[in-house]
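Peer 1: Handing over data30.txt, compact mmCIF, C-alpha atoms and all ligand atoms.
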# COMPACT_ATOMS: atom_id res chain seq x y z
CA MET A 1 -113.70 -199.29 112.18
CA SER A 2 -112.31 -202.33 110.44
CA GLY A 3 -114.88 -205.05 110.82
CA LEU A 4 -115.80 -207.76 113.26
CA ARG A 5 -113.40 -210.56 114.16
CA ILE A 6 -114.21 -213.67 116.15
CA ASP A 7 -111.45 -216.11 117.08
CA GLY A 8 -111.81 -219.48 118.78
CA LEU A 9 -115.10 -218.53 120.40
CA VAL A 10 -116.36 -221.04 122.98
CA ALA A 11 -119.68 -220.47 124.76
CA GLY A 12 -122.73 -222.39 125.94
CA TYR A 13 -125.00 -223.28 128.81
CA GLY A 14 -124.17 -226.72 130.23
CA PRO A 15 -120.91 -228.64 130.54
CA GLU A 16 -120.81 -229.22 126.75
CA PRO A 17 -120.45 -225.85 125.00
CA VAL A 18 -122.75 -224.99 122.08
CA LEU A 19 -120.07 -222.96 120.26
CA ARG A 20 -116.85 -224.96 120.32
CA GLY A 21 -114.28 -222.73 118.67
CA VAL A 22 -115.96 -220.44 116.15
CA ASP A 23 -113.69 -218.42 113.86
CA LEU A 24 -115.37 -215.74 111.75
CA ASP A 25 -114.69 -212.33 110.36
CA VAL A 26 -116.89 -209.73 108.74
CA PRO A 27 -114.85 -207.11 106.86
CA ASP A 28 -115.83 -203.46 107.18
CA GLY A 29 -119.02 -202.93 105.13
CA GLY A 30 -119.52 -206.67 104.61
CA LEU A 31 -122.68 -208.73 105.11
CA LEU A 32 -122.09 -212.22 106.47
CA ALA A 33 -124.84 -214.82 106.81
CA VAL A 34 -124.30 -217.52 109.41
CA LEU A 35 -126.28 -220.50 108.20
CA GLY A 36 -127.05 -223.56 110.28
CA PRO A 37 -129.80 -225.98 111.23
CA SER A 38 -132.14 -225.29 114.13
CA GLY A 39 -130.38 -225.67 117.46
CA CYS A 40 -126.83 -225.31 116.11
CA GLY A 41 -126.17 -222.17 118.17
CA LYS A 42 -127.02 -219.24 115.90
CA THR A 43 -128.97 -217.30 118.51
CA THR A 44 -126.35 -218.15 121.11
CA LEU A 45 -123.70 -216.65 118.82
CA LEU A 46 -125.70 -213.42 118.50
CA ARG A 47 -126.24 -213.28 122.28
CA VAL A 48 -122.53 -213.71 122.92
CA LEU A 49 -121.59 -211.08 120.32
CA ALA A 50 -124.10 -208.63 121.78
CA GLY A 51 -122.75 -209.22 125.29
CA PHE A 52 -125.87 -210.88 126.72
CA HIS A 53 -124.11 -214.19 127.29
CA PRO A 54 -120.51 -214.76 128.47
CA VAL A 55 -117.59 -216.03 126.45
CA ARG A 56 -115.86 -219.08 127.95
CA SER A 57 -112.78 -218.62 125.81
CA GLY A 58 -111.79 -217.00 122.55
CA ARG A 59 -111.95 -213.40 121.48
CA ILE A 60 -114.39 -210.95 119.89
CA ALA A 61 -113.05 -207.68 118.47
CA LEU A 62 -114.68 -204.82 116.59
CA GLY A 63 -111.98 -202.90 114.75
CA ASP A 64 -109.14 -202.46 117.29
CA LYS A 65 -111.48 -202.74 120.24
CA VAL A 66 -111.60 -206.06 122.07
CA LEU A 67 -115.20 -206.65 123.18
CA ALA A 68 -114.64 -209.94 124.97
CA ASP A 69 -111.83 -212.35 125.75
CA GLY A 70 -110.64 -214.13 128.88
CA SER A 71 -110.19 -210.87 130.79
CA VAL A 72 -112.29 -208.24 128.96
CA ASP A 73 -116.11 -208.24 128.86
CA VAL A 74 -117.48 -204.95 127.50
CA PRO A 75 -121.14 -204.49 128.60
CA PRO A 76 -123.77 -204.65 125.83
CA GLU A 77 -124.54 -200.92 125.82
CA ARG A 78 -120.88 -200.05 125.19
CA ARG A 79 -120.19 -202.58 122.40
CA GLY A 80 -121.37 -200.41 119.51
CA ILE A 81 -123.57 -203.22 118.23
CA GLY A 82 -127.06 -202.78 116.77
CA ILE A 83 -129.57 -205.60 116.90
CA VAL A 84 -132.53 -206.50 114.70
CA PRO A 85 -134.32 -209.17 116.74
CA GLN A 86 -136.58 -211.88 115.33
CA GLU A 87 -139.85 -210.33 114.16
CA GLY A 88 -138.57 -206.84 114.89
CA ALA A 89 -139.61 -206.72 118.56
CA LEU A 90 -140.48 -203.01 118.46
CA PHE A 91 -141.52 -201.12 121.60
CA PRO A 92 -145.32 -201.42 121.19
CA HIS A 93 -146.15 -198.25 123.14
CA LEU A 94 -143.84 -195.99 121.09
CA THR A 95 -144.50 -194.54 117.63
CA VAL A 96 -142.24 -195.41 114.69
CA ALA A 97 -140.28 -192.19 115.33
CA GLY A 98 -140.10 -193.04 119.05
CA ASN A 99 -138.76 -196.50 118.25
CA VAL A 100 -136.13 -195.31 115.77
CA GLY A 101 -135.08 -192.33 117.90
CA PHE A 102 -134.96 -194.30 121.15
CA GLY A 103 -131.57 -193.70 122.72
CA LEU A 104 -130.54 -190.93 120.31
CA PRO A 105 -129.55 -187.52 121.73
CA ARG A 106 -132.63 -185.25 121.70
CA GLY A 107 -131.15 -182.41 119.64
CA ARG A 108 -130.42 -184.40 116.48
CA ARG A 109 -133.18 -186.95 116.88
CA HIS A 110 -135.73 -185.48 114.47
CA ASP A 111 -133.38 -185.19 111.47
CA ARG A 112 -131.74 -188.51 112.09
CA VAL A 113 -135.08 -190.34 112.36
CA ALA A 114 -136.23 -188.75 109.08
CA GLU A 115 -132.97 -189.76 107.36
CA LEU A 116 -133.21 -193.35 108.59
CA LEU A 117 -136.87 -193.75 107.67
CA GLU A 118 -136.06 -192.55 104.18
CA LEU A 119 -133.24 -195.08 103.98
CA VAL A 120 -135.63 -197.96 104.79
CA GLY A 121 -138.45 -196.60 102.58
CA LEU A 122 -140.79 -195.46 105.36
CA SER A 123 -140.77 -191.66 105.11
CA GLY A 124 -144.01 -190.28 106.50
CA PHE A 125 -144.57 -193.20 108.89
CA GLU A 126 -143.19 -191.30 111.91
CA ASP A 127 -146.46 -191.17 113.87
CA ARG A 128 -147.72 -194.71 113.23
CA MET A 129 -147.79 -197.21 116.08
CA PRO A 130 -146.15 -200.65 115.56
CA ALA A 131 -149.57 -202.33 115.64
CA GLN A 132 -150.52 -200.29 112.54
CA LEU A 133 -147.62 -201.67 110.48
CA SER A 134 -147.27 -204.77 108.33
CA GLY A 135 -144.67 -207.40 109.24
CA GLY A 136 -142.30 -206.10 106.56
CA GLN A 137 -142.71 -202.51 107.71
CA ARG A 138 -141.99 -203.54 111.30
CA GLN A 139 -138.75 -205.18 110.17
CA ARG A 140 -137.77 -201.99 108.33
CA VAL A 141 -138.38 -199.94 111.47
CA ALA A 142 -136.34 -202.45 113.49
CA LEU A 143 -133.47 -202.05 111.02
CA ALA A 144 -133.70 -198.24 111.17
CA ARG A 145 -133.68 -198.43 114.97
CA ALA A 146 -130.61 -200.68 114.96
CA LEU A 147 -128.75 -198.37 112.54
CA ALA A 148 -129.71 -195.14 114.33
CA PRO A 149 -126.79 -194.89 116.78
CA ARG A 150 -124.29 -195.67 113.97
CA PRO A 151 -123.21 -199.05 115.35
CA GLY A 152 -119.94 -200.69 114.33
CA VAL A 153 -121.89 -203.80 113.38
CA VAL A 154 -125.55 -204.78 113.02
CA LEU A 155 -126.69 -208.27 114.08
CA MET A 156 -129.88 -209.66 112.56
CA ASP A 157 -131.68 -212.74 113.89
CA GLU A 158 -133.64 -214.48 111.09
CA PRO A 159 -134.83 -211.05 109.96
CA PHE A 160 -137.08 -212.25 107.15
CA SER A 161 -138.41 -215.54 108.49
CA SER A 162 -141.86 -214.27 109.53
CA LEU A 163 -142.65 -212.78 106.10
CA ASP A 164 -144.27 -214.35 103.06
CA ALA A 165 -142.13 -215.22 100.05
CA ALA A 166 -142.77 -212.17 97.82
CA LEU A 167 -142.30 -209.70 100.66
CA ARG A 168 -139.17 -211.51 101.80
CA ASP A 169 -137.49 -211.00 98.43
CA GLU A 170 -138.37 -207.33 98.32
CA LEU A 171 -137.24 -206.73 101.90
CA ARG A 172 -133.97 -208.63 101.37
CA ALA A 173 -133.08 -206.39 98.45
CA ASP A 174 -134.05 -203.25 100.39
CA VAL A 175 -132.14 -204.30 103.50
CA ARG A 176 -129.04 -204.95 101.41
CA ALA A 177 -129.40 -201.55 99.77
CA ALA A 178 -129.95 -199.79 103.11
CA LEU A 179 -126.95 -201.50 104.70
CA ARG A 180 -124.80 -200.55 101.71
CA ALA A 181 -126.01 -196.95 101.67
CA PHE A 182 -125.17 -196.77 105.33
CA GLY A 183 -121.80 -198.52 104.88
CA ALA A 184 -122.84 -200.85 107.69
CA THR A 185 -121.06 -204.04 108.65
CA ALA A 186 -123.66 -206.72 109.31
CA LEU A 187 -124.05 -210.32 110.39
CA LEU A 188 -127.30 -212.20 110.07
CA VAL A 189 -128.16 -215.70 111.22
CA THR A 190 -130.62 -217.92 109.42
CA HIS A 191 -131.52 -221.57 108.92
CA ASP A 192 -132.78 -220.75 105.40
CA GLN A 193 -130.25 -221.67 102.71
CA GLU A 194 -131.88 -219.59 100.01
CA GLU A 195 -131.84 -216.55 102.26
CA ALA A 196 -128.19 -216.95 103.24
CA LEU A 197 -127.03 -217.53 99.68
CA GLY A 198 -129.25 -214.79 98.26
CA VAL A 199 -128.62 -211.92 100.63
CA ALA A 200 -125.05 -212.09 101.92
CA ASP A 201 -121.62 -211.40 100.41
CA ARG A 202 -120.26 -214.36 102.34
CA VAL A 203 -121.82 -217.35 104.06
CA ALA A 204 -120.53 -219.26 107.10
CA VAL A 205 -122.00 -222.72 107.60
CA LEU A 206 -122.20 -223.44 111.33
CA ARG A 207 -122.26 -227.12 112.24
CA GLY A 208 -121.39 -228.98 115.43
CA GLY A 209 -120.36 -225.75 117.15
CA VAL A 210 -117.72 -224.78 114.57
CA VAL A 211 -117.67 -223.14 111.15
CA ALA A 212 -117.67 -225.93 108.59
CA GLN A 213 -117.10 -223.53 105.68
CA LEU A 214 -116.83 -219.79 105.10
CA GLY A 215 -116.94 -218.42 101.57
CA ALA A 216 -118.82 -216.52 98.90
CA PRO A 217 -122.34 -217.92 98.34
CA HIS A 218 -121.38 -219.25 94.92
CA GLN A 219 -118.28 -220.95 96.33
CA VAL A 220 -120.17 -222.63 99.19
CA TYR A 221 -122.79 -223.91 96.73
CA THR A 222 -120.50 -225.09 93.93
CA SER A 223 -117.43 -226.11 95.98
CA PRO A 224 -118.78 -227.26 99.34
CA ALA A 225 -116.14 -228.25 101.89
CA ASP A 226 -117.68 -231.67 102.47
CA LEU A 227 -120.76 -233.76 101.77
CA GLY A 228 -122.60 -232.42 104.83
CA VAL A 229 -122.23 -228.82 103.66
CA ALA A 230 -123.18 -229.80 100.10
CA LEU A 231 -126.41 -231.43 101.30
CA PHE A 232 -127.25 -228.57 103.64
CA VAL A 233 -126.83 -225.66 101.23
CA GLY A 234 -129.04 -226.95 98.43
CA GLU A 235 -130.95 -229.80 96.85
CA ALA A 236 -128.76 -232.62 95.65
CA VAL A 237 -128.87 -235.86 93.68
CA THR A 238 -126.38 -238.34 95.17
CA PHE A 239 -125.10 -241.78 94.29
CA ALA A 240 -122.77 -244.02 96.23
CA GLY A 241 -120.06 -245.09 93.82
CA GLU A 242 -116.43 -245.54 93.08
CA ALA A 243 -114.16 -243.11 91.28
CA ARG A 244 -111.36 -244.52 89.17
CA ASP A 245 -109.08 -242.62 86.81
CA GLY A 246 -111.20 -239.50 87.13
CA VAL A 247 -114.49 -241.22 86.25
CA ALA A 248 -117.40 -242.54 88.35
CA GLU A 249 -120.04 -244.95 87.03
CA THR A 250 -123.50 -243.77 88.06
CA PRO A 251 -127.10 -244.44 86.98
CA LEU A 252 -126.75 -241.11 85.12
CA GLY A 253 -123.85 -242.51 83.12
CA ARG A 254 -120.10 -242.11 83.41
CA LEU A 255 -119.34 -238.79 85.08
CA ALA A 256 -115.98 -237.03 85.26
CA VAL A 257 -115.01 -236.46 88.91
CA GLU A 258 -111.99 -235.44 90.94
CA GLY A 259 -111.02 -238.10 93.43
CA ASP A 260 -110.40 -241.78 93.76
CA GLY A 261 -111.89 -244.79 95.53
CA PRO A 262 -115.31 -245.25 97.12
CA GLY A 263 -117.41 -242.18 97.86
CA THR A 264 -120.46 -240.15 96.94
CA VAL A 265 -121.10 -238.49 93.59
CA LEU A 266 -123.26 -235.36 93.84
CA VAL A 267 -124.95 -233.18 91.23
CA ARG A 268 -127.51 -230.41 91.65
CA PRO A 269 -131.02 -230.90 90.18
CA GLU A 270 -130.52 -227.93 87.82
CA GLN A 271 -127.58 -229.79 86.27
CA LEU A 272 -129.88 -232.54 84.99
CA HIS A 273 -130.94 -231.57 81.48
CA LEU A 274 -133.73 -233.35 79.66
CA GLY A 275 -133.73 -234.45 76.03
CA GLY A 276 -130.58 -234.53 73.95
CA GLU A 277 -127.88 -237.11 74.51
CA GLY A 278 -128.05 -238.86 77.85
CA VAL A 279 -129.34 -241.94 79.63
CA PRO A 280 -132.97 -243.01 79.17
CA ALA A 281 -135.48 -241.98 81.83
CA THR A 282 -139.22 -241.99 82.45
CA VAL A 283 -140.99 -238.96 83.91
CA ALA A 284 -142.43 -240.16 87.23
CA ASP A 285 -143.96 -236.82 88.22
CA VAL A 286 -143.82 -233.08 87.62
CA LEU A 287 -144.03 -230.51 90.45
CA PHE A 288 -144.76 -227.11 88.99
CA HIS A 289 -143.39 -224.14 90.98
CA GLY A 290 -144.38 -221.26 88.69
CA HIS A 291 -140.91 -219.91 87.90
CA ASP A 292 -139.58 -223.44 87.31
CA ALA A 293 -140.51 -227.06 87.93
CA THR A 294 -139.13 -230.18 89.53
CA VAL A 295 -139.29 -233.21 87.27
CA LEU A 296 -138.96 -236.58 88.99
CA LEU A 297 -137.21 -239.00 86.67
CA ARG A 298 -137.07 -242.78 86.98
CA LEU A 299 -133.79 -244.12 85.64
CA ALA A 300 -133.17 -247.57 84.12
CA ASP A 301 -132.14 -249.12 87.50
CA GLY A 302 -135.31 -247.79 89.19
CA THR A 303 -133.59 -244.86 90.95
CA VAL A 304 -135.73 -241.71 91.02
CA VAL A 305 -133.82 -238.40 90.70
CA ARG A 306 -134.96 -234.77 90.82
CA SER A 307 -134.31 -232.48 87.90
CA ARG A 308 -134.99 -228.74 88.02
CA VAL A 309 -136.33 -227.39 84.73
CA GLN A 310 -136.69 -223.74 83.71
CA GLY A 311 -139.08 -222.34 81.14
CA PRO A 312 -141.88 -224.16 79.30
CA LEU A 313 -142.28 -227.71 80.54
CA PRO A 314 -140.95 -230.14 77.95
CA VAL A 315 -142.49 -233.28 79.50
CA ARG A 316 -145.50 -234.77 81.29
CA PRO A 317 -145.78 -237.68 83.73
CA GLY A 318 -145.35 -240.98 81.93
CA ASP A 319 -143.25 -239.55 79.08
CA GLY A 320 -140.04 -241.24 78.06
CA THR A 321 -137.07 -238.88 77.80
CA SER A 322 -133.33 -238.76 78.31
CA VAL A 323 -131.28 -237.04 80.95
CA ALA A 324 -127.70 -235.77 80.89
CA VAL A 325 -125.54 -234.02 83.47
CA ALA A 326 -124.34 -230.54 82.54
CA GLY A 327 -121.26 -229.17 84.27
CA PRO A 328 -118.99 -230.85 86.79
CA ALA A 329 -120.16 -233.48 89.26
CA LEU A 330 -118.78 -233.31 92.81
CA PHE A 331 -117.17 -236.30 94.47
CA PHE A 332 -116.73 -236.83 98.20
CA ALA A 333 -114.48 -239.73 99.18
CA GLY A 334 -115.65 -241.93 102.03
CA GLY A 335 -118.78 -243.91 102.91
CA PRO A 336 -122.13 -243.63 101.15
CA ALA A 337 -124.43 -240.64 101.79
N1 LIG A 401 -130.94 -220.50 127.97
C1 LIG A 401 -130.55 -221.73 127.62
N2 LIG A 401 -130.23 -222.67 128.54
C2 LIG A 401 -129.83 -223.90 128.18
N3 LIG A 401 -129.71 -224.31 126.90
C3 LIG A 401 -130.01 -223.45 125.93
C4 LIG A 401 -130.45 -222.11 126.23
N4 LIG A 401 -130.68 -221.45 125.05
C5 LIG A 401 -130.40 -222.34 124.08
N5 LIG A 401 -130.00 -223.53 124.60
C6 LIG A 401 -129.58 -224.73 123.83
O1 LIG A 401 -128.43 -224.38 123.07
C7 LIG A 401 -128.48 -224.95 121.76
C8 LIG A 401 -128.36 -223.83 120.73
O2 LIG A 401 -129.51 -223.01 120.81
P1 LIG A 401 -129.70 -221.73 119.87
O3 LIG A 401 -130.99 -221.08 120.28
O4 LIG A 401 -128.46 -220.92 119.92
O5 LIG A 401 -129.83 -222.42 118.44
P2 LIG A 401 -130.30 -221.80 117.05
O6 LIG A 401 -129.34 -222.28 116.04
O7 LIG A 401 -130.50 -220.34 117.19
O8 LIG A 401 -131.70 -222.50 116.84
P3 LIG A 401 -133.03 -221.96 116.09
O9 LIG A 401 -132.68 -221.86 114.63
O10 LIG A 401 -134.01 -223.07 116.37
O11 LIG A 401 -133.40 -220.65 116.73
C9 LIG A 401 -129.78 -225.73 121.69
O12 LIG A 401 -129.46 -227.09 121.95
C10 LIG A 401 -130.62 -225.14 122.79
O13 LIG A 401 -131.48 -226.13 123.32
Represent the structure from my file as structure tokens, please.

Peer 2:
Amino acid sequence: MSGLRIDGLVAGYGPEPVLRGVDLDVPDGGLLAVLGPSGCGKTTLLRVLAGFHPVRSGRIALGDKVLADGSVDVPPERRGIGIVPQEGALFPHLTVAGNVGFGLPRGRRHDRVAELLELVGLSGFEDRMPAQLSGGQRQRVALARALAPRPGVVLMDEPFSSLDAALRDELRADVRAALRAFGATALLVTHDQEEALGVADRVAVLRGGVVAQLGAPHQVYTSPADLGVALFVGEAVTFAGEARDGVAETPLGRLAVEGDGPGTVLVRPEQLHLGGEGVPATVADVLFHGHDATVLLRLADGTVVRSRVQGPLPVRPGDGTSVAVAGPALFFAGGPA
């Protein structure tokens, strides 16, 4: 097997396609997150890959095997694709073992089910019914069920969205570990930026029916392809301004940028450091998050910007302070944000 490859994929429901030429690849053993806003076509992409919805044009291949193109349309059960649906969608009338072993040859079923349950941390749960499991446990069973027939690729539809924050983190780490241990190639779709950046090796940002950017999470966050991607993948502080000779004047002071002419300057809230040398600011409010805090700062021209502060809180609402930008600012030429 040598990964999943999608070229120029067009698919949809009405006259205007939802996917308008999607190019993606997931290398063997890779985990790709497809990130996009609600309604951008993530579920449609999964349905097309799984063979539940037709391709209008383009090509899907798994290793050397073409799954769909203009002339080929391999039926879902022969694609070698495993699916983890939203909220697990287990068979409610089957036990955990029955769910995981569903579709496996009888002879090897028992050992294989035990091996998979161990992989997802649920050894001993064989005889439980889905209704007796927590949301996180159900997702683990769904993953074990998807991996059971040794698929060429596993597709996951918002696999963590129904879980609370602490459980989500734990399950993400475990799912990554299980996929790695299994050597599985996987693609997940999500509208949650943190999830996409935190769980995958690579992230594809889907927008307007095409992939706006495909890259490592760090690359997509620090070097977004355009302003739209930059705003979608994380919190941002933006100013309309003009870059000249590698410098833009902003309410945060003169910032070094790459580019020229009118455009938008963008920095991330964690780049705004308080105290030290910088421009004067007043603390308008503090939103405490536990692990860190958002400090709303009013600058001299009245603009309010968000700063993300780690560790003990250095300020309280009403305090005077100073704020400086650490690290490079991004600049996107063109109209204001
Ligand atoms: N069966 C259908 N018939 C007609 N239009 C559909 C159908 N399913 C989805 N659509 C439309 O296709 C577009 C993409 O839907 P899709 O469910 O793929 O988006 P999504 O990115 O998965 O959204 P979400 O994150 O909200 O689940 C939407 O505009 C939706 O209204």

Peer 1: Write out as a ChimeraX atom specification which residues come within 8 Å of Val120 of chain A when counting only C-alpha atoms, dropping same-chain ones fewer than 5 positions away.

Peer 2: /A:140-141,143-144,174-175,178

Peer 1: Produce a file of the selected residues containing C-alpha atoms, as a PDB file, keeping the file's coordinate frame.

Peer 2:
ATOM      1  CA  ARG A 140    -137.770-201.990 108.330  1.00  0.00           C
ATOM      2  CA  VAL A 141    -138.380-199.940 111.470  1.00  0.00           C
ATOM      3  CA  LEU A 143    -133.470-202.050 111.020  1.00  0.00           C
ATOM      4  CA  ALA A 144    -133.700-198.240 111.170  1.00  0.00           C
ATOM      5  CA  ASP A 174    -134.050-203.250 100.390  1.00  0.00           C
ATOM      6  CA  VAL A 175    -132.140-204.300 103.500  1.00  0.00           C
ATOM      7  CA  ALA A 178    -129.950-199.790 103.110  1.00  0.00           C
TER       8      ALA A 178
END

Peer 1: Throw together the list of residues within 6 Å of ligand LIG 401 (chain A), counting only C-alpha atoms and all ligand atoms, and drop it here as a PDB file with C-alpha atoms, in the coordinates of the input.

Peer 2:
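Saved to pocket_31.pdb:
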ATOM      1  CA  TYR A  13    -125.000-223.280 128.810  1.00  0.00           C
ATOM      2  CA  VAL A  18    -122.750-224.990 122.080  1.00  0.00           C
ATOM      3  CA  SER A  38    -132.140-225.290 114.130  1.00  0.00           C
ATOM      4  CA  GLY A  39    -130.380-225.670 117.460  1.00  0.00           C
ATOM      5  CA  CYS A  40    -126.830-225.310 116.110  1.00  0.00           C
ATOM      6  CA  GLY A  41    -126.170-222.170 118.170  1.00  0.00           C
ATOM      7  CA  LYS A  42    -127.020-219.240 115.900  1.00  0.00           C
ATOM      8  CA  THR A  43    -128.970-217.300 118.510  1.00  0.00           C
ATOM      9  CA  THR A  44    -126.350-218.150 121.110  1.00  0.00           C
ATOM     10  CA  HIS A 191    -131.520-221.570 108.920  1.00  0.00           C
TER      11      HIS A 191
END

Peer 1: Nearest to Leu119 of chain A among A:His291, A:Arg180, A:Arg172, A:Arg244, with distances taken over all atoms listed in the file: which residue is it?

Peer 2: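 Among A:His291, A:Arg180, A:Arg172, A:Arg244, it is A:Arg180 that comes nearest to Leu119 of chain A.
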
Peer 1: Atom CA of Arg47 of chain A and atom CA of Ala146 of chain A, how far apart in Å?

Peer 2: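 Atom-to-atom, atom CA of Ala146 of chain A and atom CA of Arg47 of chain A are spaced 15.2 Å apart.
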
Peer 1: Have a look at A:Phe52, A:Phe125, A:Phe332, A:Phe160 and name the one nearest to Gly88 of chain A; count only C-alpha atoms.

Peer 2: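 Selected residue with least distance to Gly88 of chain A: A:Phe160.
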
Peer 1: Between A:Gly183, A:Gly29, A:Pro85, A:Gly246, single out the one closest to Ser162 of chain A, counting all atoms listed in the file.

Peer 2: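 For Ser162 of chain A, the nearest of the given residues is A:Pro85.
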
Peer 1: Just want the 9 Å neighbourhood of Asp73 of chain A, counted on all atoms listed in the file, with same-chain residues fewer than 6 positions away dropped. Output as a tab-separated table (two decimals) with C-alpha atoms, in the coordinates of the input.

Peer 2:
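Okay, out14.tsv is ready:
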chain	number	residue	atom	x	y	z
A	51	GLY	CA	-122.75	-209.22	125.29
A	54	PRO	CA	-120.51	-214.76	128.47
A	55	VAL	CA	-117.59	-216.03	126.45
A	66	VAL	CA	-111.60	-206.06	122.07
A	67	LEU	CA	-115.20	-206.65	123.18

Peer 1: I need every residue sitting at most 10 Å from the point (-116.8, -248.5, 91.8) (coordinates as in the file, all atoms listed in the file considered), written as an MDAnalysis selection string.

Peer 2: chainID A and resid 240:244 247:250 260:263

Peer 1: Just the residues within 12 Å of Phe239 of chain A, please, counting only C-alpha atoms, with nothing from its chain fewer than 3 positions along; format it as a ChimeraX atom specification.

Peer 2: /A:227,236,242-243,248-255,262-268,303-305,329-333,335-337

Peer 1: For the atom pair atom CA of Leu4 of chain A and atom CA of Asp25 of chain A, what is the interatomic distance in Å to one decimal place?

Peer 2: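 Computing it gives 5.5 Å between the two atoms.
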
Peer 1: As an exercise, work out the distance from atom CA of Leu214 of chain A to atom CA of Gly82 of chain A in Å and give it to one decimal place.

Peer 2: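 About the pair atom CA of Leu214 of chain A and atom CA of Gly82 of chain A: they are 23.0 Å apart.
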
Peer 1: Taking the partial coordinates given, rebuild segment 93-104 of chain A to contain N, CA and C atoms; return it as a short mmCIF file (atom, residue, chain, number, x, y, z; two decimals), in the frame of the given file.

Peer 2:
data_model
loop_
_atom_site.label_atom_id
_atom_site.label_comp_id
_atom_site.auth_asym_id
_atom_site.auth_seq_id
_atom_site.Cartn_x
_atom_site.Cartn_y
_atom_site.Cartn_z
N HIS A 93 -145.50 -199.48 122.65
CA HIS A 93 -146.15 -198.25 123.14
C HIS A 93 -145.52 -197.00 122.54
N LEU A 94 -144.48 -197.16 121.70
CA LEU A 94 -143.84 -195.99 121.09
C LEU A 94 -144.20 -195.92 119.61
N THR A 95 -144.26 -194.70 119.07
CA THR A 95 -144.50 -194.54 117.63
C THR A 95 -143.27 -195.04 116.87
N VAL A 96 -143.38 -195.05 115.54
CA VAL A 96 -142.24 -195.41 114.69
C VAL A 96 -141.07 -194.47 115.00
N ALA A 97 -141.35 -193.16 115.04
CA ALA A 97 -140.28 -192.19 115.33
C ALA A 97 -139.69 -192.45 116.72
N GLY A 98 -140.56 -192.76 117.69
CA GLY A 98 -140.10 -193.04 119.05
C GLY A 98 -139.21 -194.27 119.09
N ASN A 99 -139.57 -195.29 118.31
CA ASN A 99 -138.76 -196.50 118.25
C ASN A 99 -137.40 -196.23 117.64
N VAL A 100 -137.39 -195.54 116.48
CA VAL A 100 -136.13 -195.31 115.77
C VAL A 100 -135.24 -194.36 116.56
N GLY A 101 -135.87 -193.36 117.19
CA GLY A 101 -135.08 -192.33 117.90
C GLY A 101 -134.72 -192.71 119.32
N PHE A 102 -135.21 -193.87 119.77
CA PHE A 102 -134.96 -194.30 121.15
C PHE A 102 -133.45 -194.35 121.40
N GLY A 103 -133.00 -193.65 122.38
CA GLY A 103 -131.57 -193.70 122.72
C GLY A 103 -130.72 -192.70 121.96
N LEU A 104 -131.32 -191.96 121.02
CA LEU A 104 -130.54 -190.93 120.31
C LEU A 104 -130.57 -189.63 121.12
#
